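With compact mmCIF, C-alpha atoms inside, this is structure.txt:
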```
# COMPACT_ATOMS: atom_id res chain seq x y z
CA LEU A 1 81.24 101.99 90.95
CA PRO A 2 84.28 100.51 92.76
CA ALA A 3 85.71 103.92 93.68
CA TYR A 4 82.44 105.05 95.25
CA LYS A 5 81.40 101.60 96.53
CA GLY A 6 77.99 102.24 95.08
CA VAL A 7 75.79 102.08 92.02
CA VAL A 8 74.21 104.49 89.52
CA TYR A 9 70.62 103.75 88.53
CA GLY A 10 67.67 105.39 86.78
CA VAL A 11 64.08 105.70 87.99
CA ALA A 12 60.81 106.51 86.22
CA GLU A 13 59.35 108.66 89.02
CA ALA A 14 56.15 109.77 87.30
CA THR A 15 54.61 109.90 83.85
CA ASN A 16 57.40 110.96 81.44
CA THR A 17 59.62 112.06 84.34
CA TYR A 18 62.97 110.34 84.88
CA ALA A 19 65.76 110.75 87.40
CA LEU A 20 69.30 109.45 87.86
CA TYR A 21 70.58 108.51 91.31
CA LEU A 22 73.81 107.49 93.01
CA ALA A 23 73.47 105.07 95.92
CA ILE A 24 76.58 104.59 98.07
CA THR A 25 77.17 101.72 100.48
CA ASP A 26 76.62 102.62 104.16
CA GLU A 27 74.90 105.92 103.31
CA GLU A 28 71.24 106.05 104.13
CA ASP A 29 69.85 108.18 101.27
CA PRO A 30 70.74 108.07 97.56
CA VAL A 31 71.95 111.23 95.83
CA GLN A 32 69.96 112.61 92.90
CA LEU A 33 72.32 113.29 90.00
CA MET A 34 69.82 114.54 87.42
CA ARG A 35 66.07 114.82 86.82
CA THR A 36 64.03 115.73 83.74
CA ARG A 37 61.53 118.58 84.13
CA GLN A 38 57.95 117.69 84.88
CA GLY A 39 55.68 118.06 81.87
CA GLU A 40 58.32 117.19 79.28
CA GLN A 41 57.36 114.27 77.05
CA VAL A 42 60.31 111.90 77.43
CA ALA A 43 60.40 109.02 74.92
CA SER A 44 63.62 107.42 76.17
CA PHE A 45 66.19 107.96 78.94
CA ARG A 46 69.56 106.23 78.55
CA TYR A 47 72.84 106.63 80.39
CA THR A 48 76.33 105.15 80.43
CA LEU A 49 79.23 105.46 82.84
CA SER A 50 82.78 106.52 82.00
CA ALA A 51 85.56 103.96 82.45
CA ASP A 52 86.91 105.59 85.62
CA GLY A 53 83.42 105.96 87.09
CA SER A 54 83.65 109.74 87.51
CA ARG A 55 81.11 110.90 84.87
CA VAL A 56 77.82 109.74 83.39
CA ALA A 57 76.66 110.53 79.84
CA VAL A 58 72.87 110.81 79.64
CA CYS A 59 70.88 110.67 76.38
CA VAL A 60 67.26 111.90 76.59
CA THR A 61 64.79 111.80 73.70
CA PHE A 62 62.00 114.37 73.99
CA MET A 63 58.74 114.42 72.04
CA GLY A 64 56.86 117.57 71.02
CA ASP A 65 53.81 118.59 68.98
CA SER A 66 55.80 119.88 66.01
CA ALA A 67 59.32 118.55 66.59
CA ASN A 68 61.26 116.00 68.58
CA ARG A 69 64.78 116.28 69.91
CA VAL A 70 67.51 114.23 71.51
CA SER A 71 69.79 115.86 74.07
CA LEU A 72 73.12 114.81 75.55
CA TYR A 73 74.01 115.72 79.13
CA LEU A 74 77.09 115.10 81.22
CA VAL A 75 76.88 114.53 84.97
CA ALA A 76 79.94 114.57 87.21
CA LEU A 77 79.43 112.35 90.25
CA ALA A 78 81.39 114.86 92.31
CA LEU A 79 78.82 117.57 91.40
CA PRO A 80 75.39 115.92 91.75
CA GLY A 81 72.40 117.87 90.49
CA GLU A 82 74.46 119.94 88.03
CA ALA A 83 73.85 118.22 84.69
CA GLN A 84 75.87 119.88 81.92
CA TRP A 85 74.13 120.22 78.55
CA ILE A 86 76.48 119.02 75.78
CA ASP A 87 74.63 118.71 72.48
CA GLU A 88 71.19 118.44 70.90
CA VAL A 89 69.66 117.28 67.60
CA THR A 90 66.13 118.23 66.50
CA THR A 91 64.00 116.11 64.17
CA ASP A 92 60.62 116.31 62.55
CA ALA A 93 57.69 115.24 64.74
CA ARG A 94 57.33 112.02 62.75
CA ALA A 95 60.81 110.74 63.58
CA LEU A 96 62.64 110.09 66.83
CA ALA A 97 66.36 110.20 67.45
CA THR A 98 68.72 108.60 69.92
CA MET A 99 72.50 108.49 70.33
CA THR A 100 75.23 105.90 70.27
CA LEU A 101 77.44 106.59 73.32
CA LEU A 102 80.95 105.11 73.52
CA TRP A 103 83.20 105.98 76.43
CA SER A 104 86.89 105.36 75.86
CA PRO A 105 88.18 102.74 78.34
CA HIS A 106 91.57 104.47 78.28
CA ALA A 107 90.65 108.15 78.76
CA ASN A 108 87.69 110.32 79.78
CA GLU A 109 86.62 110.86 76.17
CA LEU A 110 83.18 110.13 74.71
CA LEU A 111 82.47 109.19 71.10
CA TYR A 112 78.81 109.83 70.23
CA HIS A 113 76.53 109.87 67.23
CA ALA A 114 72.84 110.79 66.87
CA TRP A 115 70.71 108.68 64.54
CA PHE A 116 67.06 108.57 63.57
CA TYR A 117 64.39 105.91 63.69
CA GLY A 118 60.71 105.96 62.85
CA SER A 119 59.02 107.42 59.79
CA THR A 120 60.17 110.65 58.17
CA GLY A 121 57.50 110.48 55.44
CA PRO A 122 53.89 111.65 55.37
CA LEU A 123 51.69 110.39 58.16
CA PRO A 124 48.84 108.06 57.16
CA GLY A 125 45.79 110.19 56.40
CA ASP A 126 47.88 113.35 55.99
CA PRO A 127 48.95 113.33 52.31
CA ASP A 128 49.39 117.10 52.30
CA ILE A 129 52.31 116.93 54.74
CA PRO A 130 55.49 116.76 52.63
CA THR A 131 58.10 114.08 53.11
CA VAL A 132 60.87 115.26 55.41
CA VAL A 133 64.43 114.31 54.44
CA THR A 134 66.52 114.47 57.59
CA GLU A 135 70.29 114.73 57.29
CA THR A 136 72.17 112.30 59.52
CA PRO A 137 74.30 114.17 62.10
CA PRO A 138 78.08 113.64 62.15
CA TRP A 139 80.09 111.58 64.60
CA MET A 140 81.36 113.70 67.49
CA LEU A 141 84.14 113.39 70.07
CA LEU A 142 83.76 114.93 73.52
CA THR A 143 87.20 115.50 75.03
CA GLU A 144 88.12 115.15 78.68
CA ASN A 145 87.66 118.88 79.24
CA SER A 146 84.16 118.74 77.60
CA VAL A 147 85.18 120.25 74.26
CA ARG A 148 83.12 118.99 71.30
CA ARG A 149 85.01 118.00 68.16
CA THR A 150 83.29 117.17 64.85
CA LEU A 151 84.87 114.18 63.07
CA SER A 152 84.92 114.10 59.27
CA ILE A 153 83.58 110.55 59.15
CA ASN A 154 80.76 109.03 57.11
CA PRO A 155 77.70 109.23 59.42
CA SER A 156 76.37 105.90 58.09
CA TYR A 157 78.51 103.83 60.47
CA SER A 158 76.24 102.06 62.92
CA GLU A 159 78.48 100.78 65.75
CA GLY A 160 81.88 101.45 67.24
CA ILE A 161 84.56 100.01 69.53
CA TRP A 162 87.49 101.79 71.20
CA LEU A 163 90.78 99.98 70.55
CA ALA A 164 93.23 102.29 72.36
CA ALA A 165 93.36 105.80 73.78
CA ASP A 166 93.94 107.22 70.30
CA ARG A 167 92.13 104.69 68.06
CA PHE A 168 88.64 103.33 67.54
CA LEU A 169 86.85 101.33 64.88
CA LEU A 170 83.45 101.92 63.32
CA VAL A 171 81.34 99.23 61.67
CA PHE A 172 79.51 99.94 58.42
CA LYS A 173 76.76 97.30 58.28
CA GLN A 174 75.02 96.65 55.00
CA ASP A 175 74.13 93.62 52.97
CA TYR A 176 76.93 91.73 51.21
CA PRO A 177 79.38 92.90 49.97
CA GLU A 178 79.20 96.34 51.59
CA SER A 179 79.91 95.45 55.22
CA ARG A 180 83.27 96.57 56.56
CA PHE A 181 84.96 98.12 59.56
CA ASP A 182 87.32 101.09 59.47
CA ILE A 183 89.88 102.17 62.07
CA PHE A 184 90.30 105.89 62.83
CA ASP A 185 92.39 108.02 65.13
CA THR A 186 90.75 110.58 67.41
CA SER A 187 91.15 113.30 64.77
CA GLY A 188 88.94 111.29 62.39
CA ARG A 189 91.79 110.24 60.10
CA LEU A 190 91.28 106.82 58.46
CA LEU A 191 94.07 104.41 59.44
CA ASP A 192 92.90 101.03 58.12
CA THR A 193 89.89 99.31 56.55
CA HIS A 194 88.78 95.67 56.31
CA THR A 195 85.84 93.87 54.74
CA LEU A 196 83.50 92.12 57.14
CA MET A 197 80.89 89.40 56.81
CA ALA A 198 77.46 91.04 56.61
CA TRP A 199 75.87 91.67 60.03
CA SER A 200 78.80 90.28 62.01
CA GLN A 201 80.87 92.09 64.64
CA PRO A 202 84.66 92.42 65.20
CA ILE A 203 85.79 91.05 68.58
CA PRO A 204 88.84 92.75 70.21
CA ALA A 205 91.13 90.71 72.45
CA PRO A 206 91.15 91.65 76.17
CA ASP A 207 94.77 92.78 75.95
CA GLY A 208 93.96 95.13 73.06
CA LYS A 209 96.60 93.67 70.76
CA GLN A 210 94.48 91.63 68.32
CA LEU A 211 91.07 91.80 66.71
CA ALA A 212 89.11 88.76 65.49
CA PHE A 213 86.48 88.98 62.75
CA LEU A 214 84.67 86.92 60.11
CA ASP A 215 84.93 87.58 56.41
CA ASP A 216 83.42 85.76 53.44
CA THR A 217 84.58 88.08 50.65
CA ALA A 218 87.13 85.68 49.17
CA LEU A 219 84.77 82.70 49.24
CA PRO A 220 81.11 83.78 49.36
CA ALA A 221 78.99 81.73 51.77
CA VAL A 222 82.17 80.32 53.38
CA LYS A 223 83.16 82.21 56.51
CA GLN A 224 86.85 82.54 57.35
CA VAL A 225 88.12 83.55 60.79
CA HIS A 226 90.65 86.40 60.60
CA VAL A 227 92.92 87.86 63.28
CA LEU A 228 94.23 91.42 62.85
CA GLU A 229 97.42 92.43 64.66
CA LEU A 230 96.56 96.00 65.64
CA ASN A 231 100.13 97.24 66.09
CA THR A 232 101.38 96.07 62.70
CA GLY A 233 98.19 95.84 60.63
CA GLU A 234 98.98 92.23 59.66
CA VAL A 235 95.93 90.07 58.96
CA ARG A 236 96.07 86.30 59.29
CA VAL A 237 93.43 83.76 58.23
CA VAL A 238 93.46 81.36 61.17
CA GLY A 239 90.77 78.84 60.27
CA PRO A 240 87.37 78.06 58.80
CA GLY A 241 84.15 79.46 60.16
CA SER A 242 80.71 77.99 59.82
CA SER A 243 79.30 77.27 56.42
CA THR A 244 75.86 77.24 58.05
CA ILE A 245 74.75 77.75 61.62
CA ILE A 246 71.05 77.73 62.32
CA ASN A 247 69.71 78.53 65.75
CA ARG A 248 66.55 77.22 67.34
CA LEU A 249 64.38 79.79 65.53
CA GLY A 250 65.90 79.02 62.13
CA ILE A 251 67.95 82.22 61.96
CA THR A 252 71.43 82.06 60.44
CA MET A 253 74.06 82.78 63.09
CA ASP A 254 77.79 83.54 63.13
CA SER A 255 80.59 81.44 64.56
CA ASP A 256 80.97 82.20 68.26
CA LEU A 257 84.37 83.93 68.56
CA ARG A 258 85.68 83.88 72.14
CA TRP A 259 89.02 85.28 73.35
CA SER A 260 90.70 83.84 76.44
CA PRO A 261 90.92 86.33 79.36
CA ASP A 262 94.61 87.07 78.67
CA GLY A 263 94.18 87.31 74.89
CA SER A 264 96.54 84.40 74.19
CA TRP A 265 93.90 82.10 72.63
CA LEU A 266 90.89 82.50 70.35
CA ALA A 267 88.25 79.77 70.29
CA TRP A 268 85.25 79.40 67.98
CA ASN A 269 82.72 76.82 66.93
CA ARG A 270 81.94 75.68 63.42
CA ALA A 271 78.73 74.05 62.25
CA LEU A 272 78.51 71.99 59.08
CA ASP A 273 75.62 70.38 57.29
CA ASP A 274 75.58 66.62 57.53
CA ASP A 275 75.41 64.63 54.28
CA ASP A 276 71.89 63.54 55.14
CA TRP A 277 70.19 66.82 56.01
CA SER A 278 66.75 65.20 55.68
CA ASP A 279 67.27 63.56 59.08
CA GLY A 280 67.94 66.94 60.66
CA PHE A 281 71.49 66.04 61.68
CA LYS A 282 74.35 68.49 61.97
CA VAL A 283 77.96 68.18 63.06
CA GLY A 284 79.95 70.57 65.19
CA GLU A 285 83.66 71.36 65.40
CA LEU A 286 85.61 73.45 67.91
CA TYR A 287 88.83 75.28 67.02
CA ALA A 288 91.40 77.16 69.11
CA TYR A 289 94.04 79.56 67.72
CA GLU A 290 97.18 80.27 69.77
CA VAL A 291 98.55 83.78 69.27
CA ALA A 292 102.13 82.99 70.36
CA THR A 293 102.63 80.15 67.87
CA THR A 294 100.08 81.33 65.23
CA GLU A 295 98.84 77.74 65.12
CA THR A 296 95.22 76.61 64.99
CA ARG A 297 94.17 73.46 66.78
CA LEU A 298 91.09 71.35 66.09
CA ILE A 299 89.72 70.59 69.56
CA THR A 300 86.73 68.44 68.63
CA GLU A 301 86.13 66.61 65.39
CA ALA A 302 82.77 66.31 63.64
CA LEU A 303 80.59 65.72 66.64
CA GLY A 304 77.34 64.11 65.55
CA THR A 305 74.17 65.29 67.21
CA SER A 306 70.50 64.57 67.12
CA ASP A 307 69.76 68.25 67.66
CA PRO A 308 69.56 70.03 64.27
CA TYR A 309 69.80 73.45 65.94
CA HIS A 310 72.66 73.45 68.41
CA PRO A 311 75.44 70.83 68.11
CA LEU A 312 78.12 72.68 70.06
CA SER A 313 77.64 75.67 72.33
CA GLN A 314 78.52 77.84 75.31
CA LEU A 315 82.24 78.39 74.90
CA THR A 316 83.53 79.74 78.21
CA TRP A 317 87.09 80.37 79.36
CA LEU A 318 88.29 79.93 82.92
CA PRO A 319 89.04 83.27 84.62
CA LYS A 320 92.76 82.43 84.51
CA GLY A 321 94.87 80.21 82.31
CA ASN A 322 94.19 78.54 78.99
CA VAL A 323 91.40 76.17 79.99
CA LEU A 324 88.22 76.14 77.91
CA ASN A 325 84.88 74.59 78.69
CA TYR A 326 81.96 73.96 76.39
CA LEU A 327 78.75 71.99 76.04
CA VAL A 328 78.33 69.21 73.48
CA ARG A 329 74.87 68.02 72.58
CA ALA A 330 74.33 64.37 73.59
CA ASP A 331 71.34 62.07 73.26
CA ASN A 332 70.24 62.67 76.85
CA GLY A 333 71.26 66.30 77.29
CA PHE A 334 74.59 68.14 77.16
CA ASN A 335 78.05 66.88 78.06
CA PHE A 336 79.84 69.59 80.06
CA THR A 337 83.45 69.33 78.90
CA ILE A 338 86.66 70.94 80.20
CA ASN A 339 89.68 71.14 77.90
CA ASP A 340 93.16 72.13 79.10
CA LEU A 341 94.88 73.43 75.97
CA ALA A 342 98.35 73.37 77.55
CA SER A 343 98.25 69.68 78.47
CA GLU A 344 95.79 68.82 75.66
CA SER A 345 93.65 66.91 78.16
CA THR A 346 89.87 66.70 78.06
CA LEU A 347 87.54 65.95 80.94
CA VAL A 348 83.80 65.32 80.61
CA VAL A 349 82.39 66.51 83.93
CA GLY A 350 78.84 65.29 83.51
CA VAL A 351 75.59 65.52 81.67
CA MET A 352 73.21 68.45 81.94
CA THR A 353 69.71 67.35 81.04
CA GLU A 354 67.75 69.48 78.62
CA PHE A 355 64.41 71.16 79.08
CA THR A 356 61.96 70.91 76.22
CA CYS A 357 58.73 72.85 75.80
CA PRO A 358 56.22 72.56 72.93
CA LEU A 359 57.32 75.79 71.20
CA LEU A 360 61.06 76.10 71.72
CA ARG A 361 63.95 73.79 72.44
CA ALA A 362 65.96 75.31 75.27
CA TRP A 363 69.52 74.67 76.43
CA PRO A 364 71.76 75.97 79.24
CA THR A 365 73.00 79.54 78.87
CA ASN A 366 76.27 81.10 80.00
CA GLU A 367 74.58 82.25 83.20
CA GLU A 368 74.11 78.60 84.16
CA VAL A 369 77.82 77.79 83.76
CA LEU A 370 79.71 79.85 86.34
CA TRP A 371 83.36 79.57 87.34
CA ASN A 372 84.51 80.98 90.64
CA SER A 373 87.00 83.86 90.49
CA CYS A 374 90.18 81.75 90.83
CA GLY A 375 89.03 79.09 88.37
CA ALA A 376 89.22 76.29 90.92
CA GLY A 377 85.59 75.28 90.76
CA VAL A 378 82.55 75.51 88.56
CA TYR A 379 78.84 75.63 89.29
CA LEU A 380 76.35 74.01 86.93
```
Kindly return the structure encoded in the file as C-alpha cells.
Amino acid sequence: LPAYKGVVYGVAEATNTYALYLAITDEEDPVQLMRTRQGEQVASFRYTLSADGSRVAVCVTFMGDSANRVSLYLVALALPGEAQWIDEVTTDARALATMTLLWSPHANELLYHAWFYGSTGPLPGDPDIPTVVTETPPWMLLTENSVRRTLSINPSYSEGIWLAADRFLLVFKQDYPESRFDIFDTSGRLLDTHTLMAWSQPIPAPDGKQLAFLDDTALPAVKQVHVLELNTGEVRVVGPGSSTIINRLGITMDSDLRWSPDGSWLAWNRALDDDDWSDGFKVGELYAYEVATTETRLITEALGTSDPYHPLSQLTWLPKGNVLNYLVRADNGFNFTINDLASESTLVVGVMTEFTCPLLRAWPTNEEVLWNSCGAGVYL
C-alpha cells in the first residue's frame, strides 16, 4: 500500500476464525479491518485490494449443516472494522462456492462472479438424497458508489481481464474448438470476440494498446501468435508458435508470450521436434515482434539441446528499454544471454550450472534472474 506505507494481510486467529489487518510503517499496532464471527465454519477466506489501495474486497465461503454460502464484503481502509456486506450466494451442502474478484485498474469498480466446485449429486451412501442442479450465478459489476449491476453475460466464462476503464474481456475455456475470449463494455454489451487456443490465456500489453494471444483454429495443432490492436480491432498474425512444447513433467505447454515493459515489443519462444525424436532432442527458437514496424525478428535459430524438456526458457525484459535476456540450455548448464534488439547485439554473460535430482530436472526460475530497477545490472 504505497499511499499508506503499509500492508494488508490476513490471519487465521483460531479454528475457522479469520481476520484482516492493516499494518502501517512506524505505527506500533496493526488495525483490524474485519473479522469473521466465532463459531462460523469458514471454508475459505480470500481478499484483493483495489488499484488505488483504498478498498479491499473480501470473499468468505461458509459451511453449514444443510447449506453453504459465499459472501462478498467491502472494507474501506479509512473505516476499519466496518465491513460492508455486498452480495451472497447459497448452495446445497454438498457443494461449495467461491468468487472471481477483478478490480478495475482504472477505476474503483469490481467485476465479480460466484462459481461452484465440489459435488452437487447424491452423497455416497445416501441414494435417497436427490441430485441438486445449481444454477450458475450471473457476472456482476460493483460500481464505485457500491451499486450492484447484473450483467447479461453467459455465466460460463471462467476468467477475466480489465482492458480499460470501460472494457474488459472474459475467457470461455473449453476443449477445442470452443475456447474463445469476448470483449464487453461495463454495461455487458458484447464488443468483439476471438477464438483462442484451448486452455491458453490472452496477454495484454502494459500500455493497454495491444493484446497477444495464441490461436490454432486455422491450422489445428499449429499455434499462431496473434496481436489484437484494441483501439481498432485489427488482428495481425505475427509469427509461429510452438508445434509442441513439453515441460519437465511431460505436460504440453504454451509459447511463453512476454511483452516489453513499454509495450513496444512482444517476445516468445517456440519449441519444435527434432527429426530424431528417439534421442530426446528438441530445438528452440526465440522471436520478437516490434509493434512500431509490425515486423517479426528471429532472435535465435534452431538451438540444439540435450535437454528434451526445456531448450529455451526464462524470457525477461530489462525494466527499461528494449533489451531482452533469456536462458539457453547448454551441455554444462544454461547460457545466460542478453540481446539488445535496437543494436541487434548479443552478449553471453556466463553459464549457470544446473541442479539435477533423481525425480525432477530443475532449472533457474525468474526469481533467480533479477535486474536492478534502472536496468544497469543483473543478479544471477
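Using all atoms listed in the file, the smallest distance between any of A:Leu74, A:Ala205, A:Leu110, A:Ile338 and Gly160 of chain A comes from A:Leu110.
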inquiry  = Could you tell me how far atom CA of Val147 of chain A sits from atom CA of Val75 of chain A, in Å to one decimal place?
reply    =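 Distance reported for this atom pair: 14.7 Å.
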request  = Between atom CA of Asn372 of chain A and atom CA of Trp317 of chain A, measure the distance and give it in Å to one decimal.
outcome  =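 Here the two named atoms are 11.6 Å from each other.
Each of A:Arg35, A:Arg297, A:His106, A:His113 was compared to Leu72 of chain A using all atoms listed in the file, and A:His113 turns out to be the nearest.
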task = Find, counting all atoms listed in the file, the residue in A:Ala107, A:Val89, A:Leu102, A:Ala267 that gets nearest to Val323 of chain A.
result = A:Ala267
Distance of atom CA of Ala67 of chain A from atom CA of Asp92 of chain A, expressed in Å to one decimal place =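 Atom CA of Ala67 of chain A lies 4.8 Å from atom CA of Asp92 of chain A.
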Protein, DNA and RNA residues within 9 Å of (90.6, 110.2, 78.5), all atoms listed in the file, as a PyMOL selection string = chain A and resi 51+103-110+143-144+165
Polymer residues at most 8 Å from Ser71 of chain A, only C-alpha atoms, same-chain spacing of 6 or more positions, as a list in words =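 Counting only the stated atoms, we get Cys59, Val60, Thr61, Phe62, Trp85, Ile86, Asp87, Glu88 and Val89 of chain A.
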Just the residues within 7 Å of Ala23 of chain A, please, counting all atoms listed in the file, with nothing from its chain fewer than 3 positions along; format it as a PDB file with C-alpha atoms, in the frame of the given file.
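In the end it all went to part03.pdb:
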```
ATOM      1  CA  GLY A   6      77.990 102.240  95.080  1.00  0.00           C
ATOM      2  CA  VAL A   7      75.790 102.080  92.020  1.00  0.00           C
ATOM      3  CA  VAL A   8      74.210 104.490  89.520  1.00  0.00           C
ATOM      4  CA  PRO A  30      70.740 108.070  97.560  1.00  0.00           C
ATOM      5  CA  VAL A  31      71.950 111.230  95.830  1.00  0.00           C
TER       6      VAL A  31
END
```
message = For a quick check of understanding, using all atoms listed in the file, which of A:Asp65, A:Glu295, A:Trp268, A:Thr25 has the smallest distance to Tyr326 of chain A?
response =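 Smallest separation from Tyr326 of chain A among the options: A:Trp268.
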task = Name the closest residue to Pro138 of chain A among the candidates A:Ala164, A:Val349, A:Leu230, A:Leu111; distances are taken between atoms, counting all atoms listed in the file.
result =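 That would be A:Leu111, the residue with the smallest distance to Pro138 of chain A.
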query = Any idea what's packed within 12 Å of Asp185 of chain A, counting all atoms listed in the file, ignoring anything in its chain fewer than 5 positions away? Could you give it as a PyMOL selection string?
reply = chain A and resi 111+141+151-153+162-170+190-192
message = Restricting the calculation to all atoms listed in the file: of A:Leu315, A:Leu286, A:Leu266, A:Met63, which residue gets closest to Pro206 of chain A?
response =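 Comparing A:Leu315, A:Leu286, A:Leu266, A:Met63 against Pro206 of chain A, the winner is A:Leu266.
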task = Tell me which protein, DNA and RNA residues are within 9 Å of Pro80 of chain A, counting only C-alpha atoms, leaving out same-chain ones fewer than 5 positions away, and put them as a list in words.
result = Tyr21, Leu22, Val31, Gln32, Leu33, Met34 and Val75 of chain A
Output file for the selection above: C-alpha atoms, as a PDB file, keeping the file's coordinate frame:
```
ATOM      1  CA  TYR A  21      70.580 108.510  91.310  1.00  0.00           C
ATOM      2  CA  LEU A  22      73.810 107.490  93.010  1.00  0.00           C
ATOM      3  CA  VAL A  31      71.950 111.230  95.830  1.00  0.00           C
ATOM      4  CA  GLN A  32      69.960 112.610  92.900  1.00  0.00           C
ATOM      5  CA  LEU A  33      72.320 113.290  90.000  1.00  0.00           C
ATOM      6  CA  MET A  34      69.820 114.540  87.420  1.00  0.00           C
ATOM      7  CA  VAL A  75      76.880 114.530  84.970  1.00  0.00           C
TER       8      VAL A  75
END
```
